[in-house]
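Source file: protein-v4.txt. Holds: compact mmCIF, C-alpha atoms.
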# COMPACT_ATOMS: atom_id res chain seq x y z
CA MET A 134 -16.32 69.69 3.68
CA ALA A 135 -18.94 72.07 4.86
CA THR A 136 -18.15 74.36 1.98
CA GLU A 137 -18.86 71.59 -0.53
CA PRO A 138 -22.39 70.49 0.21
CA VAL A 139 -22.55 68.47 -3.03
CA TYR A 140 -20.29 65.79 -1.58
CA GLU A 141 -21.58 65.88 1.89
CA GLU A 142 -23.97 63.06 1.19
CA VAL A 143 -21.30 60.82 -0.32
CA ALA A 144 -18.56 61.91 1.97
CA GLY A 145 -19.27 60.42 5.32
CA THR A 146 -16.92 59.88 8.17
CA CYS A 147 -14.75 57.64 6.02
CA VAL A 148 -14.33 59.43 2.70
CA ASP A 149 -13.38 63.09 2.28
CA SER A 150 -14.74 65.48 -0.32
CA HIS A 151 -12.16 64.32 -2.89
CA GLY A 152 -13.24 60.71 -2.60
CA SER A 153 -10.08 59.82 -0.73
CA ALA A 154 -10.05 57.74 2.37
CA ILE A 155 -9.90 59.32 5.77
CA GLY A 156 -7.64 57.12 7.85
CA MET A 157 -8.08 53.43 7.30
CA PRO A 158 -11.15 52.39 5.30
CA GLN A 159 -10.88 49.12 7.21
CA LEU A 160 -12.00 50.93 10.34
CA CYS A 161 -15.02 52.55 8.73
CA PHE A 162 -17.83 50.98 10.70
CA ASP A 163 -20.47 52.43 8.36
CA TRP A 164 -19.53 49.77 5.84
CA PHE A 165 -19.38 46.82 8.21
CA PRO A 166 -23.02 45.68 7.89
CA ASN A 167 -22.75 45.69 4.10
CA GLN A 168 -19.50 43.75 4.06
CA ILE A 169 -20.63 41.24 6.66
CA PHE A 170 -23.95 40.67 4.93
CA TRP A 171 -22.35 39.89 1.57
CA LEU A 172 -19.58 37.87 3.21
CA VAL A 173 -22.08 35.64 4.97
CA ILE A 174 -23.96 35.06 1.71
CA THR A 175 -20.69 34.29 -0.06
CA LEU A 176 -19.54 31.85 2.59
CA VAL A 177 -22.88 30.06 2.64
CA VAL A 178 -22.84 29.74 -1.15
CA ILE A 179 -19.24 28.47 -1.17
CA PHE A 180 -19.98 26.06 1.66
CA LEU A 181 -23.02 24.65 -0.12
CA VAL A 182 -21.18 24.34 -3.43
CA LEU A 183 -18.22 22.63 -1.78
CA SER A 184 -20.10 20.28 0.53
CA ARG A 185 -22.82 19.34 -1.97
CA VAL A 186 -20.94 19.20 -5.27
CA ALA A 187 -17.22 19.81 -5.34
CA LEU A 188 -15.86 17.84 -2.38
CA PRO A 189 -17.93 14.64 -2.87
CA ARG A 190 -17.03 14.70 -6.53
CA ILE A 191 -13.28 15.14 -5.92
CA ALA A 192 -13.41 12.47 -3.21
CA ALA A 193 -15.11 10.11 -5.69
CA ILE A 194 -12.50 10.87 -8.34
CA LEU A 195 -9.65 10.23 -5.91
CA ALA A 196 -11.25 7.03 -4.63
CA GLU A 197 -11.87 5.84 -8.18
CA ARG A 198 -8.27 6.55 -9.12
CA GLN A 199 -7.07 4.74 -5.99
CA GLY A 200 -9.27 1.80 -6.94
CA THR A 201 -7.98 1.78 -10.49
CA ILE A 202 -4.40 1.88 -9.30
CA THR A 203 -5.02 -0.93 -6.82
CA ASN A 204 -6.74 -3.03 -9.49
CA ASP A 205 -3.98 -2.38 -11.98
CA LEU A 206 -1.36 -3.35 -9.42
CA ALA A 207 -3.25 -6.56 -8.63
CA ALA A 208 -3.58 -7.31 -12.33
CA ALA A 209 0.13 -6.68 -12.78
CA GLU A 210 0.85 -9.02 -9.87
CA ASP A 211 -1.37 -11.67 -11.52
CA LEU A 212 0.35 -11.27 -14.86
CA LYS A 213 3.73 -11.51 -13.19
CA ALA A 214 2.73 -14.77 -11.47
CA LYS A 215 1.47 -16.05 -14.82
CA ALA A 216 4.73 -15.13 -16.48
CA VAL A 217 6.68 -17.01 -13.81
CA GLU A 218 4.38 -19.99 -14.30
CA ALA A 219 4.83 -19.86 -18.05
CA GLU A 220 8.58 -19.71 -17.63
CA GLU A 221 8.49 -22.75 -15.38
CA ALA A 222 6.33 -24.64 -17.89
CA TYR A 223 8.71 -23.65 -20.66
CA ASN A 224 11.73 -24.84 -18.70
CA LYS A 225 9.96 -28.11 -17.92
CA ALA A 226 9.03 -28.62 -21.57
CA LEU A 227 12.59 -27.86 -22.55
CA ALA A 228 13.95 -30.44 -20.09
CA ASP A 229 11.37 -33.01 -21.27
CA ALA A 230 12.25 -32.40 -24.88
CA ARG A 231 15.92 -32.74 -24.12
CA SER A 232 15.52 -36.08 -22.31
CA GLU A 233 13.19 -37.29 -25.09
CA ALA A 234 15.80 -36.37 -27.68
CA GLN A 235 18.45 -38.23 -25.72
CA ARG A 236 16.20 -41.26 -25.46
CA ILE A 237 15.48 -41.20 -29.20
CA ALA A 238 19.18 -40.78 -30.00
CA ALA A 239 20.09 -43.70 -27.75
CA GLU A 240 17.39 -45.85 -29.38
CA ALA A 241 18.57 -44.95 -32.84
CA ARG A 242 22.13 -45.66 -31.83
CA ALA A 243 21.15 -49.08 -30.43
CA GLU A 244 19.17 -49.88 -33.57
CA ILE A 245 22.04 -48.88 -35.82
CA GLN A 246 24.43 -50.87 -33.64
CA SER A 247 22.32 -54.02 -33.88
CA GLY A 248 21.92 -53.58 -37.64
CA LEU A 249 25.64 -53.09 -37.91
CA ASP A 250 26.31 -56.17 -35.80
CA ASP A 251 23.98 -58.23 -37.99
CA ALA A 252 25.63 -56.95 -41.13
CA ILE A 253 29.09 -57.67 -39.71
CA ALA A 254 28.07 -61.18 -38.68
CA LYS A 255 26.53 -61.78 -42.08
CA ALA A 256 29.60 -60.41 -43.82
CA ASP A 257 31.84 -62.54 -41.60
CA ALA A 258 29.81 -65.63 -42.49
CA GLU A 259 29.98 -64.73 -46.14
CA ILE A 260 33.69 -64.11 -45.90
CA ALA A 261 34.16 -67.45 -44.11
CA ALA A 262 32.09 -69.23 -46.77
CA LYS A 263 34.03 -67.55 -49.54
CA ALA A 264 37.32 -68.43 -47.86
CA ALA A 265 36.30 -72.06 -47.53
CA GLU A 266 35.27 -72.09 -51.15
CA SER A 267 38.52 -70.51 -52.15
CA GLU A 268 40.48 -72.99 -50.08
CA LYS A 269 38.62 -75.80 -51.73
CA ALA A 270 39.31 -74.30 -55.14
CA ILE A 271 42.97 -73.92 -54.25
CA ALA A 272 43.12 -77.57 -53.08
CA ASP A 273 41.43 -78.63 -56.30
CA ILE A 274 43.85 -76.57 -58.30
CA ARG A 275 46.72 -77.97 -56.29
CA ALA A 276 45.48 -81.53 -56.89
CA GLY A 277 44.95 -80.71 -60.54
CA ALA A 278 48.46 -79.34 -60.71
CA LEU A 279 49.97 -82.54 -59.26
CA GLU A 280 48.13 -84.59 -61.84
CA SER A 281 49.23 -82.27 -64.59
CA ILE A 282 52.80 -82.52 -63.38
CA GLN A 283 52.61 -86.32 -63.58
CA VAL A 284 51.10 -86.14 -67.07
CA VAL A 285 53.74 -83.65 -68.18
CA ALA A 286 56.48 -85.70 -66.53
CA LYS A 287 55.22 -88.90 -68.21
CA ASP A 288 54.97 -87.13 -71.54
CA THR A 289 58.39 -85.62 -71.08
CA ALA A 290 59.82 -88.97 -70.01
CA ALA A 291 58.27 -90.68 -73.02
CA GLU A 292 59.62 -87.98 -75.30
CA LEU A 293 63.06 -88.30 -73.66
CA VAL A 294 63.00 -92.07 -74.02
CA THR A 295 61.99 -91.74 -77.68
CA ALA A 296 64.66 -89.12 -78.26
CA LEU A 297 67.27 -91.44 -76.79
CA GLY A 298 66.17 -94.04 -79.30
CA GLY A 299 64.37 -96.33 -77.05
CA GLU A 300 60.90 -97.71 -77.33
CA ALA A 301 58.72 -95.92 -74.95
CA ASP A 302 56.91 -98.42 -72.79
CA ALA A 303 53.98 -96.58 -71.34
CA LYS A 304 53.57 -98.88 -68.33
CA ALA A 305 57.18 -98.70 -67.35
CA ILE A 306 57.32 -94.95 -67.68
CA ASP A 307 54.12 -94.51 -65.62
CA GLY A 308 55.52 -96.69 -62.90
CA ALA A 309 58.84 -94.84 -62.88
CA VAL A 310 57.29 -91.42 -62.86
CA ASP A 311 54.87 -92.41 -60.09
CA ALA A 312 57.74 -93.75 -58.07
CA GLN A 313 59.75 -90.59 -58.57
CA THR A 314 56.94 -88.15 -57.88
CA LYS A 315 55.75 -89.91 -54.74
CA GLY A 316 59.08 -89.44 -53.21
CA MET B 153 -3.92 53.41 -10.05
CA ALA B 154 -4.20 56.84 -8.56
CA SER B 155 -5.48 57.83 -11.98
CA GLU B 156 -8.18 55.19 -11.70
CA THR B 157 -9.44 56.87 -8.58
CA THR B 158 -9.31 60.14 -10.43
CA ALA B 159 -11.41 58.80 -13.26
CA ALA B 160 -13.93 57.31 -10.91
CA HIS B 161 -14.51 60.60 -9.21
CA GLY B 162 -14.75 62.80 -12.23
CA ALA B 163 -15.49 66.03 -10.45
CA GLU B 164 -12.57 65.65 -8.11
CA GLY B 165 -10.27 64.91 -11.01
CA ALA B 166 -9.30 68.54 -11.28
CA ASP B 167 -8.16 68.62 -7.69
CA HIS B 168 -6.07 65.51 -8.18
CA ALA B 169 -4.52 66.95 -11.32
CA ALA B 170 -3.64 70.06 -9.41
CA GLU B 171 -1.90 67.98 -6.78
CA GLY B 172 -0.42 65.77 -9.52
CA SER B 173 2.53 68.10 -10.00
CA SER B 174 3.81 67.11 -6.58
CA LEU B 175 3.74 63.60 -5.13
CA VAL B 176 0.26 62.25 -4.49
CA PHE B 177 -0.21 59.30 -2.18
CA HIS B 178 -3.59 57.75 -1.72
CA PRO B 179 -2.49 54.25 -0.70
CA MET B 180 -5.68 53.58 1.22
CA ASP B 181 -8.14 54.65 -1.48
CA GLN B 182 -8.07 51.17 -2.96
CA PHE B 183 -9.84 49.87 0.13
CA ILE B 184 -12.82 52.23 -0.10
CA VAL B 185 -16.17 50.50 -0.36
CA LYS B 186 -18.27 51.99 -3.17
CA PRO B 187 -21.75 51.21 -4.40
CA LEU B 188 -21.74 49.43 -7.74
CA PHE B 189 -24.64 51.51 -9.07
CA GLY B 190 -24.96 55.23 -8.43
CA ASP B 191 -23.37 57.19 -5.63
CA GLY B 192 -25.82 56.72 -2.82
CA ALA B 193 -25.25 55.77 0.75
CA ILE B 194 -24.22 52.24 1.60
CA ALA B 195 -26.91 50.28 3.35
CA TRP B 196 -26.39 46.69 4.49
CA TYR B 197 -28.00 45.32 1.32
CA THR B 198 -26.41 47.68 -1.26
CA PRO B 199 -24.49 45.85 -3.97
CA THR B 200 -20.98 47.28 -3.67
CA ASN B 201 -17.52 46.51 -5.00
CA VAL B 202 -17.29 44.13 -2.04
CA THR B 203 -20.27 42.25 -3.48
CA LEU B 204 -18.69 42.16 -6.92
CA TRP B 205 -15.37 40.72 -5.77
CA LEU B 206 -17.00 38.26 -3.38
CA PHE B 207 -19.13 37.12 -6.28
CA LEU B 208 -16.04 36.74 -8.47
CA ALA B 209 -14.46 34.66 -5.70
CA ILE B 210 -17.48 32.34 -5.82
CA VAL B 211 -17.18 32.14 -9.61
CA ALA B 212 -13.46 31.35 -9.38
CA ILE B 213 -14.03 28.65 -6.77
CA ILE B 214 -16.81 27.06 -8.82
CA GLY B 215 -14.57 27.19 -11.89
CA LEU B 216 -11.65 25.67 -10.06
CA LEU B 217 -13.36 22.97 -8.01
CA VAL B 218 -16.59 22.20 -9.88
CA LEU B 219 -16.13 22.89 -13.60
CA SER B 220 -12.59 21.54 -13.74
CA THR B 221 -13.70 18.24 -12.23
CA SER B 222 -16.82 17.88 -14.38
CA LYS B 223 -15.18 15.23 -16.57
CA ARG B 224 -14.17 13.15 -13.54
CA ALA B 225 -11.09 12.08 -15.45
CA ILE B 226 -8.95 9.29 -14.02
CA VAL B 227 -5.97 11.01 -15.62
CA PRO B 228 -6.60 14.60 -14.55
CA THR B 229 -6.32 17.75 -16.63
CA ARG B 230 -4.26 20.63 -15.26
CA MET B 231 -7.18 22.37 -13.61
CA GLN B 232 -8.48 19.12 -12.15
CA SER B 233 -4.99 18.47 -10.77
CA ILE B 234 -5.08 21.82 -9.01
CA ALA B 235 -8.49 21.02 -7.55
CA GLU B 236 -7.25 17.62 -6.38
CA LEU B 237 -4.07 19.15 -4.95
CA ALA B 238 -6.08 21.73 -3.00
CA TYR B 239 -8.38 18.98 -1.72
CA GLY B 240 -5.51 16.72 -0.70
CA PHE B 241 -3.55 19.60 0.84
CA ILE B 242 -6.33 20.71 3.19
CA TYR B 243 -7.60 17.19 3.88
CA LYS B 244 -4.15 16.00 4.91
CA MET B 245 -3.55 19.10 7.01
CA LEU B 246 -6.82 18.60 8.86
CA GLU B 247 -6.26 14.87 9.32
CA ASP B 248 -2.67 15.32 10.52
CA ILE B 249 -3.60 17.95 13.10
CA CYS B 250 -7.05 16.90 14.29
CA GLY B 251 -7.03 13.17 13.56
CA LYS B 252 -9.94 11.18 12.15
CA GLU B 253 -12.53 13.09 14.19
CA GLY B 254 -11.53 16.34 12.53
CA VAL B 255 -12.40 15.07 9.07
CA LYS B 256 -16.07 15.91 9.49
CA PHE B 257 -15.11 19.58 9.62
CA PHE B 258 -13.41 19.28 6.26
CA PRO B 259 -16.06 21.17 4.21
CA TYR B 260 -15.95 24.01 6.75
CA VAL B 261 -12.15 24.29 6.74
CA MET B 262 -12.01 23.88 2.96
CA THR B 263 -14.57 26.71 2.59
CA LEU B 264 -12.39 29.00 4.69
CA PHE B 265 -9.21 28.13 2.82
CA MET B 266 -10.69 28.35 -0.66
CA PHE B 267 -12.42 31.63 0.09
CA ILE B 268 -9.32 33.29 1.57
CA VAL B 269 -6.88 32.02 -1.03
CA THR B 270 -9.19 32.96 -3.91
CA ALA B 271 -9.98 36.40 -2.50
CA ASN B 272 -6.28 37.05 -1.86
CA PHE B 273 -5.31 36.15 -5.41
CA LEU B 274 -8.22 38.07 -6.94
CA GLY B 275 -7.01 41.04 -4.90
CA LEU B 276 -3.68 40.84 -6.72
CA ILE B 277 -5.33 41.75 -10.01
CA PRO B 278 -4.55 45.44 -10.62
CA THR B 279 -7.48 47.79 -9.88
CA SER B 280 -9.29 45.00 -8.07
CA PHE B 281 -10.79 45.25 -4.62
CA THR B 282 -9.27 43.00 -1.98
CA THR B 283 -12.05 41.75 0.26
CA THR B 284 -9.68 39.99 2.66
CA SER B 285 -7.89 43.25 3.44
CA HIS B 286 -10.91 44.35 5.47
CA PHE B 287 -11.39 43.59 9.13
CA ALA B 288 -15.10 43.46 8.39
CA VAL B 289 -14.36 40.27 6.44
CA THR B 290 -11.62 38.67 8.51
CA ILE B 291 -13.17 39.33 11.92
CA PRO B 292 -16.36 37.37 11.11
CA LEU B 293 -14.19 34.56 9.73
CA ALA B 294 -12.06 34.46 12.88
CA LEU B 295 -15.09 34.86 15.17
CA ALA B 296 -16.82 32.00 13.41
CA VAL B 297 -13.80 29.78 14.09
CA PHE B 298 -13.60 31.00 17.69
CA LEU B 299 -17.28 30.37 18.36
CA THR B 300 -17.21 26.99 16.62
CA VAL B 301 -14.22 25.90 18.67
CA THR B 302 -15.64 27.18 21.98
CA ILE B 303 -19.12 25.73 21.49
CA LEU B 304 -17.79 22.46 20.09
CA GLY B 305 -15.32 22.20 22.96
CA PHE B 306 -18.01 22.51 25.60
CA VAL B 307 -20.49 20.30 23.77
CA LYS B 308 -17.97 17.52 23.25
CA ASN B 309 -16.05 17.70 26.52
CA GLY B 310 -18.40 19.52 28.91
CA ALA B 311 -16.51 21.16 31.74
CA GLY B 312 -13.50 19.09 30.72
CA PHE B 313 -12.88 21.68 28.06
CA LEU B 314 -11.68 23.98 30.83
CA GLY B 315 -8.75 21.57 31.22
CA LEU B 316 -7.34 23.43 28.26
CA PHE B 317 -6.49 26.25 30.67
CA TRP B 318 -5.28 24.04 33.52
CA VAL B 319 -1.75 23.00 32.56
CA SER B 320 -1.48 19.75 34.50
CA SER B 321 2.16 19.21 33.56
CA ALA B 322 3.23 22.43 35.30
CA PRO B 323 4.04 22.68 39.04
CA LEU B 324 0.89 23.17 41.08
CA ALA B 325 1.88 26.65 42.30
CA LEU B 326 2.31 27.89 38.76
CA ARG B 327 -0.96 26.52 37.43
CA PRO B 328 -3.28 29.39 38.43
CA ILE B 329 -0.93 31.92 36.85
CA LEU B 330 -0.63 29.81 33.72
CA ALA B 331 -4.41 29.44 33.68
CA ILE B 332 -4.80 33.23 33.53
CA ILE B 333 -2.22 33.47 30.74
CA GLU B 334 -3.89 30.64 28.83
CA LEU B 335 -7.28 32.26 29.25
CA ILE B 336 -6.03 35.59 27.93
CA SER B 337 -4.26 33.96 25.02
CA TYR B 338 -7.43 32.03 24.24
CA PHE B 339 -9.46 35.21 23.93
CA VAL B 340 -6.73 36.96 21.96
CA ARG B 341 -6.91 34.21 19.36
CA PRO B 342 -9.73 35.64 17.22
CA VAL B 343 -8.05 39.06 17.32
CA SER B 344 -4.66 37.85 16.12
CA HIS B 345 -6.31 35.38 13.77
CA SER B 346 -8.22 38.12 11.92
CA ILE B 347 -5.74 41.00 12.14
CA ARG B 348 -2.88 38.82 10.89
CA LEU B 349 -4.70 38.11 7.63
CA ALA B 350 -6.16 41.56 6.97
CA GLY B 351 -3.00 43.32 8.14
CA ASN B 352 -0.67 41.34 5.89
CA VAL B 353 -2.83 41.74 2.83
CA MET B 354 -3.56 45.43 3.45
CA ALA B 355 0.06 46.34 4.20
CA GLY B 356 1.38 44.76 1.01
CA HIS B 357 -1.23 46.42 -1.16
CA ALA B 358 -0.67 49.81 0.48
CA VAL B 359 3.10 49.55 0.04
CA ILE B 360 2.67 48.76 -3.66
CA LYS B 361 0.46 51.83 -3.96
CA VAL B 362 3.08 54.00 -2.23
CA PHE B 363 5.75 52.80 -4.66
CA ALA B 364 3.34 53.52 -7.50
CA GLY B 365 3.08 57.10 -6.21
CA PHE B 366 6.85 57.51 -6.59
CA ALA B 367 6.58 56.47 -10.24
CA ALA B 368 5.34 59.98 -11.01
CA ILE B 369 8.91 61.27 -10.65
CA ALA B 370 10.69 60.37 -13.89
CA ALA B 371 14.10 59.99 -12.27
CA ILE B 372 13.07 57.32 -9.78
CA SER B 373 10.28 55.69 -11.76
CA PRO B 374 12.46 52.71 -12.92
CA VAL B 375 13.35 52.02 -9.30
CA SER B 376 9.71 52.38 -8.41
CA VAL B 377 8.63 49.92 -11.09
CA LEU B 378 11.27 47.43 -9.93
CA ALA B 379 10.12 47.85 -6.35
CA ILE B 380 6.49 47.29 -7.37
CA THR B 381 7.50 44.14 -9.23
CA ALA B 382 9.46 42.79 -6.26
CA MET B 383 6.64 43.68 -3.89
CA TYR B 384 4.12 42.00 -6.15
CA GLY B 385 6.17 38.80 -6.08
CA LEU B 386 6.21 38.97 -2.32
CA GLU B 387 2.46 39.59 -2.26
CA VAL B 388 1.85 36.47 -4.35
CA LEU B 389 3.64 34.53 -1.64
CA VAL B 390 1.80 36.34 1.13
CA ALA B 391 -1.55 35.67 -0.57
CA PHE B 392 -0.98 31.94 -0.32
CA ILE B 393 0.88 31.86 2.99
CA GLN B 394 -1.73 33.91 4.83
CA ALA B 395 -4.51 31.65 3.57
CA TYR B 396 -2.41 28.66 4.68
CA VAL B 397 -1.69 30.19 8.09
CA PHE B 398 -5.35 31.04 8.67
CA THR B 399 -6.36 27.49 7.77
CA ILE B 400 -3.69 25.72 9.78
CA LEU B 401 -4.53 27.85 12.85
CA THR B 402 -8.17 26.92 12.37
CA CYS B 403 -7.11 23.27 12.41
CA VAL B 404 -5.01 23.78 15.53
CA TYR B 405 -7.90 25.50 17.33
CA LEU B 406 -10.26 22.71 16.25
CA LYS B 407 -7.83 20.19 17.72
CA ASP B 408 -8.10 22.02 21.06
CA ALA B 409 -11.84 21.55 20.97
CA LEU B 410 -11.59 17.87 20.01
CA HIS B 411 -8.70 16.94 22.34
CA PRO B 412 -8.47 19.66 25.04
CA SER B 413 -5.79 17.94 27.14
CA HIS B 414 -2.39 19.56 27.09
Would you mind writing the structure in this file as structure tokens?
Amino acid sequence: MATEPVYEEVAGTCVDSHGSAIGMPQLCFDWFPNQIFWLVITLVVIFLVLSRVALPRIAAILAERQGTITNDLAAAEDLKAKAVEAEEAYNKALADARSEAQRIAAEARAEIQSGLDDAIAKADAEIAAKAAESEKAIADIRAGALESIQVVAKDTAAELVTALGGEADAKAIDGAVDAQTKG
Amino acid sequence: MASETTAAHGAEGADHAAEGSSLVFHPMDQFIVKPLFGDGAIAWYTPTNVTLWLFLAIVAIIGLLVLSTSKRAIVPTRMQSIAELAYGFIYKMLEDICGKEGVKFFPYVMTLFMFIVTANFLGLIPTSFTTTSHFAVTIPLALAVFLTVTILGFVKNGAGFLGLFWVSSAPLALRPILAIIELISYFVRPVSHSIRLAGNVMAGHAVIKVFAGFAAIAAISPVSVLAITAMYGLEVLVAFIQAYVFTILTCVYLKDALHPSH
């Protein structure tokens, strides 16, 4: 080194004339004050930045997120309870509607039944009336027929008597026919 | 990356080229602290590559935790998800280990974790400078934890904090011996705490650089590239795991201060 005075200034105990390290640069105590000075400044700056700005801000973000998550969970719980409630209400309404429908159906059935009964009774009465009428008509016809038979029999008897050459006596024939038909 | 060093030190380039015919390993050159402007000496206030990469770590953390959450979306974007995951990850770790009392140290623990994890990952960018590979960075981090825990322990528990070293569940005869062991292990904490982080990060980066040196030989360069790729994958894991380990140990130490009983 002594032969190269140009580098003697730069080259101390730590760096040789070629700019290479002598031993470990870590053990070069000439540089310690410089490194420690800048390190302390760096650490102070980092500490201030972290404690004043970064850490409170991140803590706030995390707390806010925690709050949001908690709120959302609570809201979800609420909505779930509401859904259960709504389902219950729906089931209740369904049951009500079903019983109402049954009631209405039973009513309608009863109404129809009573109407039907009325109609049947009315029809029965009508049928009975018609039957009585018919019976009467039949009796009339029967009576009419008996009379007609007597008339026909009398006429026939008179014609027979005349055909046999006798004189038809109306009174005698009537009496005879009446006696015969009464029999 | 050896060529990057060459370019940066123009005058020495010739020397490097001369050595270039044979294998050249400068695995530790990536850790050299250089002034950002000019070639002068490094005073305590000089802006250096350390300053640059620490500044980029701040920018990355602001981008990840502040800008990504600026919309305060209930349904997060990808970046906001990452920010929330990181928050939840460290918060839960702290709460699980230290209980409710530990939560007030959350900004402190989160600062440590975010700084280390960001610096580790920024260090994985090729040609970058890895701030966490330096003991000058990890020792203050570990010392800060050590001092916090010690002071907090005495302020909260008074002399009761010394109960940490008096293992009351052990047989009485053994307790003084255990007390000495506990005391030693207590003071070794900041050492292991800091060297674990810097050592892991530095070793991985140096190994990658060694493999890169082998790439100069055409015959083994494919193997070298494969090895670099595999190593890089491992380093991605290490970058996260070391940040995680540093943070979880911080939580465990804080628990000692809050609840010193064994």
Practice problem: Figure out the distance between atom CA of B:Asn309 and atom CA of A:Leu188, please, to one decimal in Å. | Solution: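 Taking atom CA of A:Leu188 and atom CA of B:Asn309, their separation equals 28.9 Å.
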Quiz item: Between B:Ala331, B:Ala355, B:Val377, B:Leu175, which has the minimum distance to chain A (counting all atoms listed in the file)?
Solution: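 Selected residue with least distance to chain A: B:Ala355.
Using all atoms listed in the file, every residue with an atom at most 6 Å from the point (-20.3, 39.0, 9.3) is listed here: A:Ile169, A:Phe170, A:Val173, B:Pro292.
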Convert the current residue selection to file output with C-alpha atoms, as a PDB file, in the coordinates of the input.
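Below is the file again-v1.pdb, written as the result:
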ATOM      1  CA  ILE A 169     -20.630  41.240   6.660  1.00  0.00           C
ATOM      2  CA  PHE A 170     -23.950  40.670   4.930  1.00  0.00           C
ATOM      3  CA  VAL A 173     -22.080  35.640   4.970  1.00  0.00           C
TER       4      VAL A 173
ATOM      5  CA  PRO B 292     -16.360  37.370  11.110  1.00  0.00           C
TER       6      PRO B 292
END
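The chain B residues that come within 6 Å of chain A are Glu164, Asp181, Phe183, Ile184, Trp196, Tyr197, Thr203, Leu217, Val218, Arg224, Ile226, Pro259, Thr263, His286, Phe287 and Ala288 of chain B, with only C-alpha atoms taken into account.
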Quiz item: Expressed in Å to a single decimal, how great is the separation between atom CA of B:Ser233 and atom CA of B:Thr221?
Solution: 8.8 Å
Quiz item: What is the distance between atom CA of B:Ile214 and atom CA of B:Pro278, in Å to one decimal?
Solution: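 Separation between atom CA of B:Ile214 and atom CA of B:Pro278: 22.2 Å.
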Practice problem: Could you check which of B:Ala294, B:Cys403, B:Ile372, B:Leu386 is closest to B:Glu253, using all atoms listed in the file? | Solution: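 Among the listed residues, the smallest separation from B:Glu253 belongs to B:Cys403.
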Would you kindly identify which residues have an atom no farther than 8 Å from (-0.4, 59.7, -5.8), using only C-alpha atoms and the file's own coordinates, and write them out as a JSON list (two decimals) with C-alpha atoms, keeping the file's coordinate frame?
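Output below, filename point.json:
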[["chain", "number", "residue", "atom", "x", "y", "z"],
["B", 154, "ALA", "CA", -4.20, 56.84, -8.56],
["B", 172, "GLY", "CA", -0.42, 65.77, -9.52],
["B", 175, "LEU", "CA", 3.74, 63.60, -5.13],
["B", 176, "VAL", "CA", 0.26, 62.25, -4.49],
["B", 177, "PHE", "CA", -0.21, 59.30, -2.18],
["B", 178, "HIS", "CA", -3.59, 57.75, -1.72],
["B", 179, "PRO", "CA", -2.49, 54.25, -0.70],
["B", 362, "VAL", "CA", 3.08, 54.00, -2.23],
["B", 364, "ALA", "CA", 3.34, 53.52, -7.50],
["B", 365, "GLY", "CA", 3.08, 57.10, -6.21],
["B", 366, "PHE", "CA", 6.85, 57.51, -6.59],
["B", 368, "ALA", "CA", 5.34, 59.98, -11.01]]
Quiz item: With all atoms listed in the file as the basis for distance, which of B:Leu216, B:Leu206, B:Leu326, B:Val211 is at the shortest distance from B:Thr229?
Solution: B:Leu216
Quiz item: For B:Tyr260, which residue among B:Glu236, B:Arg348, B:Val297, B:Arg230 is the nearest when counting all atoms listed in the file?
Solution: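 With all atoms listed in the file as the atom set, the closest residue is B:Val297.
In this comparison, which uses only C-alpha atoms, the residue of B:Thr283, B:Thr399, B:Thr290, B:Thr270 approaching B:Ser344 most closely is B:Thr290.
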Exercise. Could you give me, as a ChimeraX atom specification, the residues within 12 Å of B:Asn352, counting all atoms listed in the file and dropping anything in the same chain fewer than 4 positions from it?
Key: /B:272,282,284-287,290,344-348,356-359,386-395,397-398
How would the residues just picked look written out with C-alpha atoms as a PDB file, keeping the file's coordinate frame?
ATOM      1  CA  ASN B 272      -6.280  37.050  -1.860  1.00  0.00           C
ATOM      2  CA  THR B 282      -9.270  43.000  -1.980  1.00  0.00           C
ATOM      3  CA  THR B 284      -9.680  39.990   2.660  1.00  0.00           C
ATOM      4  CA  SER B 285      -7.890  43.250   3.440  1.00  0.00           C
ATOM      5  CA  HIS B 286     -10.910  44.350   5.470  1.00  0.00           C
ATOM      6  CA  PHE B 287     -11.390  43.590   9.130  1.00  0.00           C
ATOM      7  CA  THR B 290     -11.620  38.670   8.510  1.00  0.00           C
ATOM      8  CA  SER B 344      -4.660  37.850  16.120  1.00  0.00           C
ATOM      9  CA  HIS B 345      -6.310  35.380  13.770  1.00  0.00           C
ATOM     10  CA  SER B 346      -8.220  38.120  11.920  1.00  0.00           C
ATOM     11  CA  ILE B 347      -5.740  41.000  12.140  1.00  0.00           C
ATOM     12  CA  ARG B 348      -2.880  38.820  10.890  1.00  0.00           C
ATOM     13  CA  GLY B 356       1.380  44.760   1.010  1.00  0.00           C
ATOM     14  CA  HIS B 357      -1.230  46.420  -1.160  1.00  0.00           C
ATOM     15  CA  ALA B 358      -0.670  49.810   0.480  1.00  0.00           C
ATOM     16  CA  VAL B 359       3.100  49.550   0.040  1.00  0.00           C
ATOM     17  CA  LEU B 386       6.210  38.970  -2.320  1.00  0.00           C
ATOM     18  CA  GLU B 387       2.460  39.590  -2.260  1.00  0.00           C
ATOM     19  CA  VAL B 388       1.850  36.470  -4.350  1.00  0.00           C
ATOM     20  CA  LEU B 389       3.640  34.530  -1.640  1.00  0.00           C
ATOM     21  CA  VAL B 390       1.800  36.340   1.130  1.00  0.00           C
ATOM     22  CA  ALA B 391      -1.550  35.670  -0.570  1.00  0.00           C
ATOM     23  CA  PHE B 392      -0.980  31.940  -0.320  1.00  0.00           C
ATOM     24  CA  ILE B 393       0.880  31.860   2.990  1.00  0.00           C
ATOM     25  CA  GLN B 394      -1.730  33.910   4.830  1.00  0.00           C
ATOM     26  CA  ALA B 395      -4.510  31.650   3.570  1.00  0.00           C
ATOM     27  CA  VAL B 397      -1.690  30.190   8.090  1.00  0.00           C
ATOM     28  CA  PHE B 398      -5.350  31.040   8.670  1.00  0.00           C
TER      29      PHE B 398
END
